[in-house]
$ cat query-v8.csv   # CSV, C-alpha atoms
chain,number,residue,atom,x,y,z
J,1,MET,CA,130.3,53.2,179.3
J,2,ALA,CA,129.9,50.5,181.9
J,3,GLY,CA,126.7,49.0,183.1
J,4,MET,CA,125.4,47.7,179.8
J,5,THR,CA,125.1,44.0,180.1
J,6,PRO,CA,124.1,41.9,177.2
J,7,GLU,CA,120.6,41.3,178.7
J,8,ILE,CA,120.0,45.0,179.2
J,9,PHE,CA,121.3,45.7,175.8
J,10,ARG,CA,119.0,43.2,174.1
J,11,GLU,CA,115.9,44.5,175.9
J,12,SER,CA,116.9,48.1,175.2
J,13,LEU,CA,117.5,47.4,171.5
J,14,VAL,CA,114.1,45.7,171.1
J,15,ALA,CA,112.3,48.5,173.0
J,16,ALA,CA,114.1,51.2,171.0
J,17,LYS,CA,113.1,49.5,167.8
J,18,ASN,CA,109.5,49.8,169.0
J,19,GLY,CA,109.9,53.5,169.7
J,20,ASP,CA,110.8,53.5,173.4
J,21,GLU,CA,112.7,56.8,174.0
J,22,THR,CA,114.1,55.7,177.3
J,23,ALA,CA,115.6,52.6,175.8
J,24,PHE,CA,117.0,54.6,172.9
J,25,THR,CA,118.5,57.0,175.4
J,26,MET,CA,120.3,54.2,177.2
J,27,LEU,CA,121.8,53.0,174.0
J,28,PHE,CA,122.8,56.5,173.1
J,29,ARG,CA,124.5,57.1,176.5
J,30,PHE,CA,126.3,53.8,176.1
J,31,ALA,CA,127.8,54.6,172.7
J,32,GLN,CA,128.0,58.4,172.4
J,33,PRO,CA,131.0,59.0,174.7
J,34,ALA,CA,133.2,56.7,172.6
J,35,VAL,CA,131.8,58.3,169.4
J,36,LEU,CA,132.5,61.8,170.5
J,37,ARG,CA,136.1,60.9,171.7
J,38,TYR,CA,136.8,59.1,168.5
J,39,LEU,CA,135.6,62.1,166.5
J,40,ARG,CA,137.5,64.6,168.7
J,41,VAL,CA,140.7,62.7,167.8
J,42,MET,CA,139.9,62.4,164.1
J,43,GLY,CA,137.5,65.2,163.3
J,44,ARG,CA,138.4,67.7,166.0
J,45,ASP,CA,136.3,70.8,165.7
J,46,ARG,CA,133.7,69.0,163.7
J,47,ALA,CA,133.2,66.3,166.2
J,48,GLU,CA,129.7,67.2,167.5
J,49,ASP,CA,128.3,68.0,164.1
J,50,ILE,CA,129.5,64.7,162.7
J,51,ALA,CA,128.2,62.9,165.8
J,52,GLY,CA,124.8,64.4,165.1
J,53,ASP,CA,124.8,63.2,161.5
J,54,THR,CA,125.9,59.8,162.9
J,55,TRP,CA,122.9,59.4,165.1
J,56,VAL,CA,120.5,60.5,162.4
J,57,GLN,CA,121.7,57.5,160.4
J,58,VAL,CA,121.7,55.3,163.5
J,59,VAL,CA,118.1,56.0,164.0
J,60,ARG,CA,117.2,55.3,160.4
J,61,GLY,CA,119.1,52.0,160.5
J,62,LEU,CA,118.1,50.9,164.0
J,63,ALA,CA,115.2,48.8,162.8
J,64,SER,CA,117.4,46.5,160.7
J,65,PHE,CA,120.3,46.3,163.2
J,66,GLN,CA,120.8,42.9,164.8
J,67,ALA,CA,123.2,42.2,167.6
J,68,GLU,CA,123.4,40.3,170.9
J,69,GLU,CA,126.3,42.2,172.4
J,70,PRO,CA,126.6,45.8,173.4
J,71,GLN,CA,130.1,46.1,172.0
J,72,ALA,CA,128.7,45.2,168.5
J,73,PHE,CA,126.3,48.1,168.8
J,74,ARG,CA,129.1,50.5,169.8
J,75,ALA,CA,131.2,49.2,166.9
J,76,TRP,CA,128.3,49.7,164.5
J,77,VAL,CA,127.8,53.3,165.7
J,78,LEU,CA,131.5,54.0,165.5
J,79,SER,CA,131.6,52.6,161.9
J,80,ILE,CA,128.8,55.0,160.9
J,81,ALA,CA,130.7,57.8,162.7
J,82,ARG,CA,133.8,57.0,160.7
J,83,HIS,CA,132.0,57.1,157.4
J,84,ARG,CA,130.4,60.4,158.3
J,85,TRP,CA,133.8,61.8,159.3
J,86,LEU,CA,135.3,60.6,155.9
J,87,ASP,CA,132.3,62.2,154.1
J,88,ASP,CA,132.9,65.4,156.0
J,89,GLN,CA,136.5,65.4,155.1
J,90,ARG,CA,135.7,64.9,151.4
J,91,ALA,CA,133.1,67.6,151.6
J,92,ARG,CA,135.5,70.1,153.2
J,93,GLY,CA,138.3,69.0,150.8
J,94,ARG,CA,141.0,68.9,153.4
J,95,ARG,CA,143.2,66.5,155.1
J,96,PRO,CA,143.0,65.8,158.8
J,97,GLU,CA,144.6,68.6,160.7
J,98,VAL,CA,147.8,68.1,162.6
J,99,ILE,CA,147.7,69.2,166.2
J,100,ALA,CA,150.7,71.0,167.5
J,101,GLN,CA,151.6,72.0,171.0
J,102,GLU,CA,148.5,71.1,172.8
J,103,VAL,CA,150.1,69.0,175.5
J,104,PRO,CA,150.6,71.0,178.7
J,105,ASP,CA,154.2,72.1,179.2
J,106,GLN,CA,154.2,72.0,183.0
J,107,PRO,CA,156.5,69.3,184.2
J,108,GLY,CA,155.6,67.1,187.2
J,109,ARG,CA,157.8,66.9,190.3
J,110,HIS,CA,157.8,63.2,191.0
J,111,ASP,CA,157.5,60.8,188.1
J,112,VAL,CA,156.2,60.9,184.6
J,113,ALA,CA,153.1,58.9,185.3
J,114,ALA,CA,152.2,61.0,188.3
J,115,THR,CA,152.8,64.1,186.3
J,116,VAL,CA,150.6,62.9,183.5
J,117,ASP,CA,147.9,61.9,185.9
J,118,GLU,CA,148.0,65.4,187.4
J,119,MET,CA,148.0,67.4,184.1
J,120,MET,CA,145.9,65.2,181.8
J,121,SER,CA,142.3,65.9,181.3
J,122,THR,CA,140.3,63.8,178.9
J,123,GLU,CA,140.5,66.6,176.3
J,124,SER,CA,144.3,67.0,176.6
J,125,ALA,CA,144.7,63.2,176.4
J,126,LEU,CA,142.6,63.1,173.3
J,127,ALA,CA,144.6,66.0,171.9
J,128,LEU,CA,147.8,64.1,172.5
J,129,ILE,CA,146.5,61.0,170.8
J,130,ALA,CA,145.4,63.1,167.9
J,131,ARG,CA,149.1,64.0,167.3
J,132,LEU,CA,149.8,60.5,166.2
J,133,PRO,CA,149.7,59.6,162.5
J,134,ARG,CA,146.1,59.2,161.4
J,135,ASP,CA,146.0,55.5,161.1
J,136,GLN,CA,147.7,54.9,164.4
J,137,ALA,CA,145.5,57.5,166.1
J,138,GLU,CA,142.5,55.8,164.8
J,139,VAL,CA,143.5,52.4,165.9
J,140,VAL,CA,144.5,53.6,169.4
J,141,THR,CA,141.3,55.4,169.8
J,142,LEU,CA,139.1,52.5,168.8
J,143,ARG,CA,141.1,49.9,170.8
J,144,TYR,CA,141.8,51.8,174.0
J,145,ILE,CA,139.1,54.5,174.2
J,146,ALA,CA,136.2,53.0,172.4
J,147,ASP,CA,137.1,49.6,173.9
J,148,LEU,CA,136.7,47.6,170.7
J,149,ASP,CA,138.6,44.4,170.3
J,150,VAL,CA,141.0,43.7,167.5
J,151,ALA,CA,138.4,42.0,165.3
J,152,ALA,CA,135.8,44.8,165.7
J,153,THR,CA,138.5,47.5,165.1
J,154,ALA,CA,139.7,45.6,162.0
J,155,ALA,CA,136.1,45.4,160.8
J,156,THR,CA,135.4,49.0,161.4
J,157,LEU,CA,138.5,50.2,159.6
J,158,GLY,CA,138.4,47.6,156.9
J,159,LYS,CA,141.8,46.2,157.8
J,160,GLU,CA,143.2,42.9,158.7
J,161,PRO,CA,143.5,42.1,162.4
J,162,GLY,CA,147.3,41.8,162.1
J,163,ALA,CA,147.5,45.2,160.6
J,164,VAL,CA,145.5,46.6,163.5
J,165,ARG,CA,147.9,45.1,166.0
J,166,VAL,CA,150.9,46.6,164.3
J,167,LEU,CA,149.3,50.0,164.1
J,168,ALA,CA,148.3,49.8,167.7
J,169,HIS,CA,151.8,48.9,168.8
J,170,ARG,CA,153.4,51.6,166.7
J,171,GLY,CA,150.9,54.1,168.0
J,172,LEU,CA,151.6,53.3,171.7
J,173,ARG,CA,155.3,53.6,171.0
J,174,ARG,CA,154.9,57.0,169.4
J,175,LEU,CA,152.6,58.1,172.2
J,176,GLU,CA,155.2,57.2,174.7
J,177,LYS,CA,157.8,59.2,172.9
J,178,LEU,CA,155.5,62.2,172.7
J,179,ILE,CA,154.9,62.1,176.4
J,180,HIS,CA,158.5,61.8,177.4
J,181,ASP,CA,159.5,64.5,175.0
J,182,LYS,CA,157.1,66.8,176.8
J,183,VAL,CA,158.3,65.8,180.3
J,184,PRO,CA,161.8,67.0,180.9
J,185,THR,CA,164.3,64.3,181.9
J,186,GLU,CA,165.4,66.1,185.1
J,187,HIS,CA,161.9,65.8,186.5
J,188,ARG,CA,161.8,62.0,186.2
X,1,MET,CA,138.7,44.7,176.2
X,2,THR,CA,139.1,41.1,175.7
X,3,ASP,CA,142.4,41.2,173.9
X,4,HIS,CA,143.8,44.4,175.2
X,5,MET,CA,147.5,45.0,174.4
X,6,HIS,CA,149.4,45.4,177.6
X,7,VAL,CA,150.7,48.9,178.1
X,8,ASP,CA,154.1,48.8,179.7
X,9,ASP,CA,154.7,52.5,180.1
X,10,PRO,CA,152.7,54.0,183.0
X,11,ALA,CA,152.6,57.4,181.4
X,12,VAL,CA,151.0,56.0,178.3
X,13,ALA,CA,148.6,54.1,180.5
X,14,ALA,CA,147.7,57.3,182.3
X,15,VAL,CA,147.0,59.1,179.0
X,16,LEU,CA,144.8,56.3,177.8
X,17,ALA,CA,143.0,56.2,181.1
X,18,ALA,CA,142.4,59.9,181.0
X,19,ALA,CA,141.2,59.7,177.4
X,20,ALA,CA,138.8,56.9,178.3
X,21,ALA,CA,137.6,58.3,181.6
X,22,PRO,CA,133.8,58.2,182.1
X,23,ALA,CA,132.0,61.2,180.9
X,24,GLU,CA,130.7,63.6,183.5
X,25,GLY,CA,127.4,65.4,183.2
X,26,PRO,CA,125.0,65.1,180.3
X,27,VAL,CA,126.2,63.6,177.1
X,28,PRO,CA,126.4,66.2,174.4
X,29,GLY,CA,124.0,65.6,171.4
X,30,GLU,CA,121.4,63.7,173.3
X,31,ALA,CA,118.6,66.2,172.6
X,32,GLU,CA,119.4,66.1,168.8
X,33,ALA,CA,119.5,62.4,168.8
X,34,LEU,CA,116.2,62.1,170.5
X,35,MET,CA,114.7,64.6,168.1
X,36,ALA,CA,115.9,62.4,165.2
X,37,PHE,CA,114.5,59.3,167.0
X,38,ARG,CA,111.1,61.0,167.4
X,39,SER,CA,111.0,62.1,163.8
X,40,VAL,CA,111.2,58.4,162.8
X,41,HIS,CA,109.1,56.8,165.5
X,42,HIS,CA,106.7,59.5,166.4
X,43,PRO,CA,106.1,61.7,163.4
X,44,ARG,CA,104.1,64.7,164.4
X,45,ARG,CA,100.5,64.6,163.3
X,46,ARG,CA,100.5,68.3,162.7
X,47,ILE,CA,103.1,67.9,160.0
X,48,HIS,CA,100.8,65.5,158.1
X,49,MET,CA,97.8,67.7,158.7
X,50,SER,CA,99.7,70.6,157.3
X,51,LYS,CA,100.7,68.8,154.2
X,52,TYR,CA,97.2,67.5,153.7
X,53,SER,CA,95.7,70.9,154.3
X,54,GLU,CA,98.0,72.3,151.6
X,55,LYS,CA,96.8,69.8,149.1
X,56,ALA,CA,93.2,70.3,150.1
X,57,LYS,CA,93.6,74.0,149.7
X,58,LEU,CA,95.0,73.6,146.2
X,59,ILE,CA,92.2,71.2,145.2
X,60,ALA,CA,89.5,73.5,146.7
X,61,ALA,CA,91.0,76.5,144.9
X,62,ALA,CA,91.0,74.6,141.6
X,63,VAL,CA,87.4,73.4,142.0
X,64,PHE,CA,86.2,76.8,143.1
X,65,GLY,CA,87.9,78.5,140.2
X,66,GLY,CA,86.4,76.0,137.8
X,67,VAL,CA,82.9,76.5,139.2
X,68,VAL,CA,83.3,80.3,138.9
X,69,VAL,CA,84.4,80.1,135.3
X,70,ILE,CA,81.7,77.6,134.3
X,71,SER,CA,79.0,79.5,136.0
X,72,GLY,CA,80.1,82.7,134.6
X,73,ALA,CA,80.1,81.3,131.1
X,74,ALA,CA,76.7,79.7,131.7
X,75,THR,CA,75.3,83.0,133.0
X,76,ALA,CA,76.6,84.9,130.0
X,77,ALA,CA,75.2,82.3,127.6
X,78,THR,CA,71.7,82.5,129.0
X,79,GLY,CA,71.7,86.2,128.6
X,80,SER,CA,71.7,87.2,132.2
X,81,LEU,CA,75.0,89.0,131.7
X,82,PRO,CA,76.0,91.0,128.6
X,83,LEU,CA,78.7,89.5,126.4
X,84,VAL,CA,81.2,92.3,126.5
X,85,SER,CA,83.3,90.9,123.7
X,86,HIS,CA,80.5,91.3,121.2
X,87,GLY,CA,80.3,95.0,121.7
X,88,HIS,CA,76.5,95.1,122.0
X,89,SER,CA,73.9,93.7,124.1
X,90,HIS,CA,71.8,90.8,123.3
X,91,PRO,CA,68.4,91.6,122.0
X,92,HIS,CA,65.9,90.7,124.6
X,93,PRO,CA,63.4,88.0,123.8
X,94,ALA,CA,60.2,89.4,122.6
X,95,THR,CA,58.3,87.5,125.3
X,96,SER,CA,60.1,89.3,128.0
X,97,HIS,CA,58.9,92.6,126.7
X,98,THR,CA,55.5,91.7,125.7
X,99,PRO,CA,53.4,94.2,127.5
X,100,ASP,CA,50.8,92.9,129.9
X,101,ALA,CA,48.8,94.3,132.6
X,102,THR,CA,51.6,94.2,135.1
X,103,ASP,CA,54.3,95.6,132.8
X,104,ASP,CA,54.0,99.1,134.0
X,105,ASN,CA,57.5,99.7,135.2
X,106,GLN,CA,58.6,102.8,133.3
X,107,GLY,CA,61.9,103.0,135.2
X,108,ASP,CA,62.9,99.7,133.9
X,109,ASP,CA,61.9,100.6,130.4
X,110,VAL,CA,63.7,103.9,130.5
X,111,THR,CA,66.9,102.1,131.6
X,112,ASP,CA,66.6,99.6,128.8
X,113,SER,CA,66.0,102.2,126.2
X,114,THR,CA,68.9,104.2,127.4
X,115,ASP,CA,71.1,101.1,127.1
X,116,THR,CA,69.8,100.5,123.7
X,117,SER,CA,70.5,104.0,122.5
X,118,THR,CA,74.0,103.8,123.9
X,119,THR,CA,74.9,100.6,122.3
X,120,ASP,CA,73.1,101.4,119.0
X,121,SER,CA,74.9,104.7,118.6
X,122,THR,CA,78.2,102.7,118.3
X,123,ASP,CA,76.9,100.2,115.9
X,124,ALA,CA,77.8,100.9,112.3
X,125,SER,CA,75.1,98.8,111.0
X,126,THR,CA,72.5,101.2,112.2
X,127,ASN,CA,73.8,104.3,110.5
X,128,ALA,CA,70.8,104.4,108.1
X,129,ASN,CA,68.4,104.1,110.9
X,130,ASN,CA,70.2,106.8,112.9
X,131,ASP,CA,69.9,109.0,109.9
X,132,HIS,CA,66.2,108.3,109.9
X,133,GLY,CA,66.1,109.1,113.6
X,134,SER,CA,67.9,112.4,113.0
X,135,LEU,CA,65.4,113.2,110.3
X,136,VAL,CA,62.5,112.5,112.7
X,137,SER,CA,64.2,114.5,115.4
X,138,GLY,CA,64.8,117.4,113.1
X,139,THR,CA,61.2,117.3,112.0
X,140,ALA,CA,60.1,117.4,115.6
X,141,HIS,CA,62.2,120.4,116.2
X,142,SER,CA,61.3,122.4,113.1
X,143,ALA,CA,57.6,121.5,112.8
X,144,THR,CA,55.0,124.0,113.6
X,145,GLY,CA,51.4,123.6,114.5
X,146,HIS,CA,50.4,120.0,115.0
X,147,LYS,CA,53.9,118.4,115.5
X,148,GLY,CA,52.5,115.0,116.3
X,149,GLY,CA,51.0,114.4,113.0
X,150,THR,CA,54.0,115.7,111.1
X,151,VAL,CA,56.5,113.7,113.1
X,152,CYS,CA,54.3,110.6,112.9
X,153,LYS,CA,54.2,110.9,109.2
X,154,VAL,CA,58.0,111.3,108.9
X,155,ALA,CA,58.8,108.5,111.3
X,156,SER,CA,56.5,106.0,109.6
X,157,ALA,CA,57.7,107.0,106.1
X,158,GLY,CA,54.3,108.3,105.1
X,159,LYS,CA,52.3,105.4,106.4
X,160,CYS,CA,51.0,107.4,109.3
X,161,MET,CA,47.6,109.0,108.7
X,162,PRO,CA,47.3,111.6,111.5
X,163,ASP,CA,43.9,112.6,112.7
X,164,ASN,CA,43.9,116.3,113.7
X,165,GLY,CA,41.3,115.8,116.3
X,166,GLN,CA,43.3,113.3,118.3
X,167,SER,CA,45.9,114.0,120.9
X,168,GLY,CA,49.5,113.4,120.3
X,169,ALA,CA,49.4,110.3,122.4
X,170,ASP,CA,46.5,108.9,120.4
X,171,THR,CA,48.1,109.8,117.2
X,172,HIS,CA,51.2,107.9,118.2
X,173,GLY,CA,49.2,105.0,119.3
X,174,LYS,CA,47.4,104.9,116.0
X,175,ALA,CA,50.6,105.3,114.1
X,176,HIS,CA,52.0,102.3,115.8
X,177,GLN,CA,48.9,100.3,115.3
X,178,ASN,CA,49.2,100.9,111.6
X,179,THR,CA,52.8,100.2,111.5
X,180,ASN,CA,54.0,97.2,109.6
X,181,ALA,CA,55.0,94.8,112.2
X,182,THR,CA,57.7,93.4,110.1
X,183,THR,CA,59.4,96.7,109.5
X,184,HIS,CA,59.3,97.6,113.1
X,185,ARG,CA,60.7,94.3,114.2
X,186,GLN,CA,63.7,95.0,112.1
X,187,ASN,CA,64.1,98.4,113.6
X,188,THR,CA,63.7,96.9,117.0
X,189,LEU,CA,66.6,94.6,116.5
X,190,THR,CA,68.8,97.2,115.0
X,191,THR,CA,68.1,100.6,116.3
X,192,HIS,CA,65.2,101.1,118.5
X,193,GLY,CA,65.4,98.0,120.6
X,194,LYS,CA,62.8,97.7,123.2
X,195,ALA,CA,60.9,100.8,122.3
X,196,HIS,CA,59.7,99.4,119.0
X,197,GLN,CA,59.0,96.0,120.5
X,198,ASN,CA,56.5,97.8,122.7
X,199,THR,CA,55.0,99.1,119.5
X,200,ASN,CA,53.0,95.9,119.3
X,201,ALA,CA,51.2,96.8,122.4
X,202,THR,CA,47.5,97.2,122.1
X,203,THR,CA,46.7,99.9,124.7
X,204,HIS,CA,47.3,103.6,124.1
X,205,ARG,CA,48.9,104.1,127.4
X,206,GLN,CA,51.5,101.6,126.6
X,207,ASN,CA,52.0,103.2,123.2
X,208,THR,CA,52.5,106.5,124.8
X,209,THR,CA,55.0,105.1,127.1
X,210,THR,CA,56.7,103.3,124.4
X,211,HIS,CA,56.9,106.3,122.2
X,212,GLY,CA,58.4,108.3,125.1
X,213,GLN,CA,61.1,105.7,125.3
X,214,ALA,CA,61.7,105.8,121.6
X,215,HIS,CA,62.4,109.5,121.9
X,216,LEU,CA,64.8,108.8,124.7
X,217,ALA,CA,66.5,106.3,122.6
X,218,THR,CA,66.7,108.0,119.3
X,219,HIS,CA,65.4,111.5,119.5
X,220,GLY,CA,66.8,112.8,122.8
X,221,LYS,CA,65.3,116.2,123.2
X,222,SER,CA,62.2,115.1,121.4
X,223,GLN,CA,61.0,113.5,124.5
X,224,SER,CA,59.5,116.8,125.5
X,225,HIS,CA,57.1,116.6,122.7
X,226,SER,CA,55.5,113.4,123.6
$ encode --input "query-v8.csv" --output "structure tokens"
Amino acid sequence: MAGMTPEIFRESLVAAKNGDETAFTMLFRFAQPAVLRYLRVMGRDRAEDIAGDTWVQVVRGLASFQAEEPQAFRAWVLSIARHRWLDDQRARGRRPEVIAQEVPDQPGRHDVAATVDEMMSTESALALIARLPRDQAEVVTLRYIADLDVAATAATLGKEPGAVRVLAHRGLRRLEKLIHDKVPTEHR
Amino acid sequence: MTDHMHVDDPAVAAVLAAAAAPAEGPVPGEAEALMAFRSVHHPRRRIHMSKYSEKAKLIAAAVFGGVVVISGAATAATGSLPLVSHGHSHPHPATSHTPDATDDNQGDDVTDSTDTSTTDSTDASTNANNDHGSLVSGTAHSATGHKGGTVCKVASAGKCMPDNGQSGADTHGKAHQNTNATTHRQNTLTTHGKAHQNTNATTHRQNTTTHGQAHLATHGKSQSHS
């Protein structure tokens, strides 16, 4: 997700609007990892399908999109992804699934952080975050994985910045508890 | 992360770092996204051609169908084709059957007379004339001696004045020469068709041919007598 400076972003955006596939690919590679991780936390097994729908809409709206910063583009794509996920939830008529027992049970030998470093892959970390309450998981994902600031996160979720901060704080506390519940005390 | 909240717990930081780790390998969904991008910015020409071709085919089919219907109706109206719905064939214009020096195609005449007899036999309006034909045919079968004169007299309702010294062909020619044109015109239109149109011919050979056709059309077996 790194390497996209504002200058490169602006050039890529203009070129993509003119039909340059290489420029569009750069924008895609800049935003898609965060989109997929957000959707894996929120949408789980439907992540890639919803991501595909997201990019169809991104392509259609690209000509009218205006931004100077790459983070704004990522926030815009994530906002579209969120709406597609909500649409998908409504279409499937179900609530977000609760993930259970997906954190590896093997304890580390030294300390919790080292143990987590050893056993955590990206997927298992996302699965752990997905165990949080939905609004907390969403804020934590957008803030710490998609790397949006508070204002962009608040705009994406349609919430006040203060509410985003509270949800992020509660989410981190809950995540800490989940991790320590999984790692036995004697191995600390 | 301009205003990132500080994460105190190293385990939580590790989980977040793992969740945000840079992706390795190709990013899933790139091909699909590029396809969507191309569909907007580089629509395939073939797709438009296909749609255009489909429209063109429909238009061409409609035009062709219209031309076929109109030309068919026009052809039928001019008499080149029979109007099946009327149940009988159009009477041929008299000019087309006016005998001339080149009208010597007996095969064509035979065909026409056959058609005439076929259609006339189903026409109720010609019953009286058919009876007349049956009468003439019966006379031809039963007559003895000079059949030509007898048949001529019966066929022309007594107007024929046969000359015993003439041949059958001559007799027939004379009979037709003496025939009231108006009467035979009516018969032509109703029962004898082309055969009696040829009655107006001036040469004996044509009359002979004509009369042979008349036998084909109305007398059947009587042809052997002509």
$ interface_residues --input "query-v8.csv" --of "chain X" --to "chain J" --cutoff "8 Å" --atoms "all atoms listed in the file" --output "VMD selection string"
chain X and resid 1 to 4 7 9 to 12 14 to 16 18 to 23 27 to 30 32 to 34 36 to 38 40 to 42
$ closest_residue --input "query-v8.csv" --among "J:Ala23, J:Ile50, J:Val166, J:Ala31" --to "Val77 (chain J)" --atoms "all atoms listed in the file"
J:Ala31
$ atom_distance --input "query-v8.csv" --atom1 "CA of Asp87 (chain J)" --atom2 "CA of Glu68 (chain J)"
29.0 Å
$ atom_distance --input "query-v8.csv" --atom1 "CA of Ala63 (chain J)" --atom2 "CA of Trp85 (chain J)"
23.0 Å
$ atom_distance --input "query-v8.csv" --atom1 "CA of Ser64 (chain J)" --atom2 "CA of Thr156 (chain J)"
18.2 Å
